[in-house]
Amino acid sequence: MPVTSPLLADSAWNDAAIKLGNSFGAIAGFLGILLVVFFAAGRATGRLGRPLAIAVFLGPALLLLLVGLVAPLIRTIYLSFRSDDSSRFLGLKNYGWAFTTDTIHQVLLNTLLWLVVAPVAATGLGLVLALLVDRMRWQSLYKSLIFMPMAISLVGASIIWKFVYDTRDSSQAQIGLLSQVAVWLGWHNPPNWILSHPLNNFLLMVVMVWVQTGFAMVVLSAAIKAIPDEVTEAARLDGASGLRLFWYVTVPMIRTTLVVVLTTVMIVTLKAFDIVRTMTGGNFGTQVLANEMYSQSFVQFNVGRGSALAVILFIAVLPLVGYNIVQLRKERATR
């Protein structure tokens, strides 16, 4: 066994203690400076009092936003015009590659498919569950169970569903739930679901729908409960009931919330990376824009193309974010 010198051990402990003391000293100094600055801003009076207070309280947030969002965005846009190692200026060649390559066409088509199917399915299912659960006893329990997948990371949810889709040879016992159900229904040799294109794309979307349905249900349930009872009673007196009451009264009254939920799920879906990366790695015809961006940047080490895809993804998200902001402002203005 190697023998450690007591002097070396003492030296290591001393170095660790010095580093720990320096860290605590830096943290204490930083907090002390913040306290002094906030105290000075709070006690400031006169013409400079309000601007100083605004600068002190908004300054750190603006600085973090600048460092964490604006600066990386500008650098990504800059890199999107450069070569794979950022040594040469290529102009719009990376964007031309993104829109003229057949493999990227398939990636964009898959992304569009995700953008249409997953948000509509999650929002529609959430609306149906909101209507059904609100009529049941112990609704808080059911809502908690339905909302529970939101507490799971997309990577964790993907691993769970990867076991659900697992397929083994017919000579072995199936451990995948979907494959076992297929065996019970008489399909003794179920296919490898993850390899079955284009079915595998929809099977991956199920994970996103499973996670996002609880969010849609909770928000839409709150919107439905906010509908005035007078409106519903007046509609019933006019003869509306069942589906007519839902379509002509409930949906118009929650239209703004419905659109906000739909666009919010669209934003999450457009950035879908974890599910595809965990379950297929983008293989078997399941590649999407976010995962292709990662692959180009960190697997193939082509920073220029990866940055171009990142910019395209950012531009695609912007209209949805802007529409959400406009709808929320309209809703607040009508209150």
# chains A, B, ... in the order shown; residues from 1 in each chain; ligands from 1
$ select_by_dssp --residues "region 190-327 of chain A" --states "helix (DSSP H, G or I)" --output "ChimeraX atom specification"
/A:193-195,199-225,229-237,242-253,255-270,274-279,289-299,303-327
$ closest_residue --among "A:Asn201, A:Val206, A:Gln296, A:Asn14" --to "Val120 (chain A)" --atoms "only C-alpha atoms"
A:Val206
$ residues_around --residues "region 107-114 of chain A" --least-positions-apart "3" --cutoff "8 Å" --atoms "only C-alpha atoms" --output "MDAnalysis selection string"
chainID A and resid 103:104 117:119 201 205 269:270 286:289 292
$ atom_distance --atom1 "CA of Ser158 (chain A)" --atom2 "CA of Leu177 (chain A)"
14.4 Å
$ residues_around --residues "Val183 (chain A)" --least-positions-apart "4" --cutoff "12 Å" --atoms "only C-alpha atoms" --output "VMD selection string"
chain A and resid 167 to 179 187 to 191
$ write_last_selection --atoms "N, CA and C atoms" --output "compact mmCIF listing (two decimals), in the first residue's frame"
# COMPACT_ATOMS: atom_id res chain seq x y z
N THR A 167 -39.18 -4.05 -27.39
CA THR A 167 -39.62 -5.26 -28.10
C THR A 167 -38.54 -6.31 -28.05
N ARG A 168 -38.94 -7.54 -27.77
CA ARG A 168 -37.99 -8.66 -27.74
C ARG A 168 -38.44 -9.73 -28.71
N ASP A 169 -37.56 -10.66 -28.95
CA ASP A 169 -37.87 -11.77 -29.85
C ASP A 169 -39.06 -12.57 -29.31
N SER A 170 -39.82 -13.17 -30.21
CA SER A 170 -41.04 -13.90 -29.81
C SER A 170 -40.73 -15.07 -28.90
N SER A 171 -39.49 -15.54 -28.90
CA SER A 171 -39.12 -16.65 -28.02
C SER A 171 -38.90 -16.21 -26.58
N GLN A 172 -38.83 -14.89 -26.36
CA GLN A 172 -38.61 -14.36 -25.03
C GLN A 172 -39.86 -13.65 -24.53
N ALA A 173 -39.93 -13.51 -23.22
CA ALA A 173 -41.06 -12.78 -22.63
C ALA A 173 -40.90 -11.28 -22.91
N GLN A 174 -42.01 -10.67 -23.29
CA GLN A 174 -41.98 -9.24 -23.58
C GLN A 174 -42.02 -8.44 -22.27
N ILE A 175 -41.13 -7.43 -22.18
CA ILE A 175 -41.16 -6.54 -21.01
C ILE A 175 -41.76 -5.19 -21.37
N GLY A 176 -41.91 -4.90 -22.68
CA GLY A 176 -42.53 -3.66 -23.12
C GLY A 176 -44.04 -3.77 -23.06
N LEU A 177 -44.70 -2.79 -22.46
CA LEU A 177 -46.15 -2.84 -22.31
C LEU A 177 -46.85 -2.90 -23.66
N LEU A 178 -46.42 -2.07 -24.61
CA LEU A 178 -47.07 -2.05 -25.92
C LEU A 178 -46.91 -3.38 -26.64
N SER A 179 -45.72 -3.95 -26.56
CA SER A 179 -45.49 -5.25 -27.21
C SER A 179 -46.30 -6.35 -26.55
N TRP A 187 -50.98 -10.67 -31.86
CA TRP A 187 -49.82 -10.32 -32.67
C TRP A 187 -48.59 -10.89 -31.98
N HIS A 188 -48.25 -12.15 -32.33
CA HIS A 188 -47.24 -12.87 -31.57
C HIS A 188 -45.82 -12.41 -31.85
N ASN A 189 -45.62 -11.66 -32.92
CA ASN A 189 -44.27 -11.17 -33.23
C ASN A 189 -44.35 -9.66 -33.50
N PRO A 190 -44.53 -8.87 -32.45
CA PRO A 190 -44.67 -7.42 -32.63
C PRO A 190 -43.40 -6.80 -33.19
N PRO A 191 -43.52 -5.73 -33.95
CA PRO A 191 -42.32 -5.11 -34.56
C PRO A 191 -41.53 -4.32 -33.52
$ residues_around --residues "Ala121 (chain A)" --least-positions-apart "4" --cutoff "10 Å" --atoms "only C-alpha atoms" --output "PyMOL selection string"
chain A and resi 116-117+125-127+205-206+208-210+212-213+262
$ residues_around --residues "Ile254 (chain A)" --least-positions-apart "5" --cutoff "9 Å" --atoms "only C-alpha atoms" --output "list of chain:residue names"
A:Leu220, A:Ala223, A:Ile224, A:Ala226, A:Ile227, A:Val249, A:Val259
$ closest_atom_pairs --of "region 275-317 of chain A" --to "region 98-101 of chain A" --cutoff "8 Å" --atoms "only C-alpha atoms" --output "CSV"
residue,atom,partner,partner_atom,distance
A:Arg305,CA,A:Ala98,CA,7.7
A:Ala308,CA,A:Ala98,CA,7.8
A:Leu309,CA,A:Ala98,CA,7.2
$ closest_residue --among "A:Phe284, A:Phe273, A:Trp97, A:Tyr248" --to "Trp193 (chain A)" --atoms "only C-alpha atoms"
A:Phe284
$ residues_around --residues "Met279 (chain A)" --least-positions-apart "4" --cutoff "8 Å" --atoms "only C-alpha atoms" --output "tab-separated table (two decimals) with N, CA and C atoms, in the first residue's frame"
chain	number	residue	atom	x	y	z
A	158	SER	N	-38.78	10.00	-21.20
A	158	SER	CA	-38.36	9.24	-22.38
A	158	SER	C	-37.89	7.84	-22.00
A	159	ILE	N	-37.17	7.73	-20.90
A	159	ILE	CA	-36.70	6.40	-20.45
A	159	ILE	C	-37.89	5.52	-20.07
A	162	LYS	N	-39.46	4.45	-23.22
A	162	LYS	CA	-38.58	3.54	-23.95
A	162	LYS	C	-38.80	2.11	-23.48
A	204	LEU	N	-42.96	8.83	-30.40
A	204	LEU	CA	-42.16	9.78	-29.64
A	204	LEU	C	-43.01	10.98	-29.21
A	275	ILE	N	-36.35	14.20	-25.80
A	275	ILE	CA	-37.06	12.96	-26.15
A	275	ILE	C	-36.36	12.25	-27.29
$ atom_distance --atom1 "CA of Val261 (chain A)" --atom2 "CA of Trp138 (chain A)"
24.7 Å
$ decode --residues "region 206-330 of chain A" --atoms "C-alpha atoms" --output "PDB file, in the first residue's frame"
ATOM      1  CA  VAL A 206     -46.851  10.490 -27.217  1.00  0.00           C
ATOM      2  CA  VAL A 207     -44.169  11.259 -24.621  1.00  0.00           C
ATOM      3  CA  MET A 208     -44.546  15.003 -25.180  1.00  0.00           C
ATOM      4  CA  VAL A 209     -48.336  14.749 -25.048  1.00  0.00           C
ATOM      5  CA  TRP A 210     -48.166  12.710 -21.832  1.00  0.00           C
ATOM      6  CA  VAL A 211     -45.991  15.349 -20.162  1.00  0.00           C
ATOM      7  CA  GLN A 212     -47.830  18.460 -21.408  1.00  0.00           C
ATOM      8  CA  THR A 213     -51.451  17.305 -21.019  1.00  0.00           C
ATOM      9  CA  GLY A 214     -51.447  17.976 -17.272  1.00  0.00           C
ATOM     10  CA  PHE A 215     -50.315  21.569 -17.824  1.00  0.00           C
ATOM     11  CA  ALA A 216     -53.045  22.141 -20.418  1.00  0.00           C
ATOM     12  CA  MET A 217     -55.689  20.564 -18.177  1.00  0.00           C
ATOM     13  CA  VAL A 218     -54.858  22.699 -15.116  1.00  0.00           C
ATOM     14  CA  VAL A 219     -54.789  26.003 -17.009  1.00  0.00           C
ATOM     15  CA  LEU A 220     -57.938  25.275 -19.021  1.00  0.00           C
ATOM     16  CA  SER A 221     -59.768  24.019 -15.945  1.00  0.00           C
ATOM     17  CA  ALA A 222     -59.075  27.335 -14.209  1.00  0.00           C
ATOM     18  CA  ALA A 223     -60.328  29.218 -17.276  1.00  0.00           C
ATOM     19  CA  ILE A 224     -63.540  27.171 -17.416  1.00  0.00           C
ATOM     20  CA  LYS A 225     -64.231  27.782 -13.743  1.00  0.00           C
ATOM     21  CA  ALA A 226     -63.776  31.517 -14.339  1.00  0.00           C
ATOM     22  CA  ILE A 227     -66.721  31.600 -16.767  1.00  0.00           C
ATOM     23  CA  PRO A 228     -69.559  33.514 -15.016  1.00  0.00           C
ATOM     24  CA  ASP A 229     -72.484  31.330 -13.976  1.00  0.00           C
ATOM     25  CA  GLU A 230     -74.876  33.907 -15.445  1.00  0.00           C
ATOM     26  CA  VAL A 231     -73.522  33.248 -18.946  1.00  0.00           C
ATOM     27  CA  THR A 232     -73.967  29.501 -18.629  1.00  0.00           C
ATOM     28  CA  GLU A 233     -77.459  29.807 -17.144  1.00  0.00           C
ATOM     29  CA  ALA A 234     -78.540  32.223 -19.883  1.00  0.00           C
ATOM     30  CA  ALA A 235     -77.307  29.785 -22.526  1.00  0.00           C
ATOM     31  CA  ARG A 236     -79.209  26.925 -20.879  1.00  0.00           C
ATOM     32  CA  LEU A 237     -82.386  29.004 -20.819  1.00  0.00           C
ATOM     33  CA  ASP A 238     -81.940  29.603 -24.549  1.00  0.00           C
ATOM     34  CA  GLY A 239     -81.894  25.847 -25.087  1.00  0.00           C
ATOM     35  CA  ALA A 240     -78.167  25.201 -25.319  1.00  0.00           C
ATOM     36  CA  SER A 241     -76.897  22.015 -23.700  1.00  0.00           C
ATOM     37  CA  GLY A 242     -74.227  19.369 -24.074  1.00  0.00           C
ATOM     38  CA  LEU A 243     -72.059  19.809 -27.139  1.00  0.00           C
ATOM     39  CA  ARG A 244     -73.795  23.031 -28.237  1.00  0.00           C
ATOM     40  CA  LEU A 245     -73.158  24.604 -24.827  1.00  0.00           C
ATOM     41  CA  PHE A 246     -69.518  23.555 -25.003  1.00  0.00           C
ATOM     42  CA  TRP A 247     -68.912  24.712 -28.583  1.00  0.00           C
ATOM     43  CA  TYR A 248     -70.855  27.983 -28.589  1.00  0.00           C
ATOM     44  CA  VAL A 249     -70.361  29.138 -24.989  1.00  0.00           C
ATOM     45  CA  THR A 250     -67.416  27.440 -23.252  1.00  0.00           C
ATOM     46  CA  VAL A 251     -64.925  27.532 -26.115  1.00  0.00           C
ATOM     47  CA  PRO A 252     -65.517  31.224 -27.033  1.00  0.00           C
ATOM     48  CA  MET A 253     -65.239  32.231 -23.372  1.00  0.00           C
ATOM     49  CA  ILE A 254     -61.871  30.500 -22.941  1.00  0.00           C
ATOM     50  CA  ARG A 255     -60.561  31.166 -26.461  1.00  0.00           C
ATOM     51  CA  THR A 256     -57.686  33.394 -25.344  1.00  0.00           C
ATOM     52  CA  THR A 257     -56.514  30.901 -22.721  1.00  0.00           C
ATOM     53  CA  LEU A 258     -56.878  28.073 -25.218  1.00  0.00           C
ATOM     54  CA  VAL A 259     -54.670  29.876 -27.733  1.00  0.00           C
ATOM     55  CA  VAL A 260     -52.066  30.727 -25.094  1.00  0.00           C
ATOM     56  CA  VAL A 261     -51.886  27.097 -23.926  1.00  0.00           C
ATOM     57  CA  LEU A 262     -51.623  25.866 -27.519  1.00  0.00           C
ATOM     58  CA  THR A 263     -48.826  28.265 -28.431  1.00  0.00           C
ATOM     59  CA  THR A 264     -46.981  27.570 -25.167  1.00  0.00           C
ATOM     60  CA  VAL A 265     -46.978  23.831 -25.882  1.00  0.00           C
ATOM     61  CA  MET A 266     -45.897  24.640 -29.458  1.00  0.00           C
ATOM     62  CA  ILE A 267     -42.856  26.502 -28.131  1.00  0.00           C
ATOM     63  CA  VAL A 268     -41.900  23.550 -25.932  1.00  0.00           C
ATOM     64  CA  THR A 269     -42.464  21.130 -28.814  1.00  0.00           C
ATOM     65  CA  LEU A 270     -40.457  23.189 -31.287  1.00  0.00           C
ATOM     66  CA  LYS A 271     -37.471  22.939 -28.967  1.00  0.00           C
ATOM     67  CA  ALA A 272     -37.964  19.187 -28.438  1.00  0.00           C
ATOM     68  CA  PHE A 273     -34.522  17.696 -27.951  1.00  0.00           C
ATOM     69  CA  ASP A 274     -34.505  15.480 -24.877  1.00  0.00           C
ATOM     70  CA  ILE A 275     -37.056  12.962 -26.152  1.00  0.00           C
ATOM     71  CA  VAL A 276     -35.451  12.378 -29.538  1.00  0.00           C
ATOM     72  CA  ARG A 277     -31.927  12.352 -28.125  1.00  0.00           C
ATOM     73  CA  THR A 278     -32.792   9.857 -25.394  1.00  0.00           C
ATOM     74  CA  MET A 279     -34.976   7.448 -27.346  1.00  0.00           C
ATOM     75  CA  THR A 280     -33.500   7.315 -30.862  1.00  0.00           C
ATOM     76  CA  GLY A 281     -30.622   9.780 -31.059  1.00  0.00           C
ATOM     77  CA  GLY A 282     -32.309  11.155 -34.178  1.00  0.00           C
ATOM     78  CA  ASN A 283     -31.915   7.872 -36.062  1.00  0.00           C
ATOM     79  CA  PHE A 284     -34.559   5.835 -37.934  1.00  0.00           C
ATOM     80  CA  GLY A 285     -36.150   8.930 -39.519  1.00  0.00           C
ATOM     81  CA  THR A 286     -36.930  10.704 -36.224  1.00  0.00           C
ATOM     82  CA  GLN A 287     -34.479  13.603 -36.401  1.00  0.00           C
ATOM     83  CA  VAL A 288     -35.839  17.057 -35.471  1.00  0.00           C
ATOM     84  CA  LEU A 289     -34.356  20.539 -35.732  1.00  0.00           C
ATOM     85  CA  ALA A 290     -33.163  20.911 -32.133  1.00  0.00           C
ATOM     86  CA  ASN A 291     -31.378  17.551 -32.127  1.00  0.00           C
ATOM     87  CA  GLU A 292     -29.856  18.172 -35.570  1.00  0.00           C
ATOM     88  CA  MET A 293     -28.503  21.475 -34.252  1.00  0.00           C
ATOM     89  CA  TYR A 294     -26.833  19.606 -31.374  1.00  0.00           C
ATOM     90  CA  SER A 295     -25.473  16.910 -33.688  1.00  0.00           C
ATOM     91  CA  GLN A 296     -23.945  19.406 -36.104  1.00  0.00           C
ATOM     92  CA  SER A 297     -22.341  21.454 -33.322  1.00  0.00           C
ATOM     93  CA  PHE A 298     -21.155  18.831 -30.830  1.00  0.00           C
ATOM     94  CA  VAL A 299     -20.996  15.535 -32.730  1.00  0.00           C
ATOM     95  CA  GLN A 300     -19.819  16.575 -36.190  1.00  0.00           C
ATOM     96  CA  PHE A 301     -18.142  19.735 -34.801  1.00  0.00           C
ATOM     97  CA  ASN A 302     -19.506  21.949 -37.567  1.00  0.00           C
ATOM     98  CA  VAL A 303     -20.162  25.092 -35.549  1.00  0.00           C
ATOM     99  CA  GLY A 304     -21.288  27.111 -38.572  1.00  0.00           C
ATOM    100  CA  ARG A 305     -24.088  24.761 -39.605  1.00  0.00           C
ATOM    101  CA  GLY A 306     -25.132  24.148 -36.010  1.00  0.00           C
ATOM    102  CA  SER A 307     -25.353  27.904 -35.399  1.00  0.00           C
ATOM    103  CA  ALA A 308     -27.400  28.378 -38.582  1.00  0.00           C
ATOM    104  CA  LEU A 309     -29.881  25.751 -37.388  1.00  0.00           C
ATOM    105  CA  ALA A 310     -29.987  27.455 -33.980  1.00  0.00           C
ATOM    106  CA  VAL A 311     -30.841  30.781 -35.632  1.00  0.00           C
ATOM    107  CA  ILE A 312     -33.575  29.132 -37.717  1.00  0.00           C
ATOM    108  CA  LEU A 313     -35.012  27.582 -34.558  1.00  0.00           C
ATOM    109  CA  PHE A 314     -34.879  30.954 -32.783  1.00  0.00           C
ATOM    110  CA  ILE A 315     -36.669  32.697 -35.650  1.00  0.00           C
ATOM    111  CA  ALA A 316     -39.335  29.975 -35.663  1.00  0.00           C
ATOM    112  CA  VAL A 317     -39.995  30.448 -31.931  1.00  0.00           C
ATOM    113  CA  LEU A 318     -40.194  34.264 -32.076  1.00  0.00           C
ATOM    114  CA  PRO A 319     -43.667  34.553 -33.702  1.00  0.00           C
ATOM    115  CA  LEU A 320     -45.165  32.159 -31.143  1.00  0.00           C
ATOM    116  CA  VAL A 321     -43.661  34.105 -28.242  1.00  0.00           C
ATOM    117  CA  GLY A 322     -44.826  37.414 -29.724  1.00  0.00           C
ATOM    118  CA  TYR A 323     -48.339  36.091 -30.278  1.00  0.00           C
ATOM    119  CA  ASN A 324     -48.468  34.848 -26.683  1.00  0.00           C
ATOM    120  CA  ILE A 325     -47.448  38.279 -25.376  1.00  0.00           C
ATOM    121  CA  VAL A 326     -50.084  40.035 -27.497  1.00  0.00           C
ATOM    122  CA  GLN A 327     -52.829  37.677 -26.347  1.00  0.00           C
ATOM    123  CA  LEU A 328     -51.897  38.062 -22.680  1.00  0.00           C
ATOM    124  CA  ARG A 329     -51.906  41.850 -22.980  1.00  0.00           C
ATOM    125  CA  LYS A 330     -55.336  41.769 -24.629  1.00  0.00           C
TER     126      LYS A 330
END
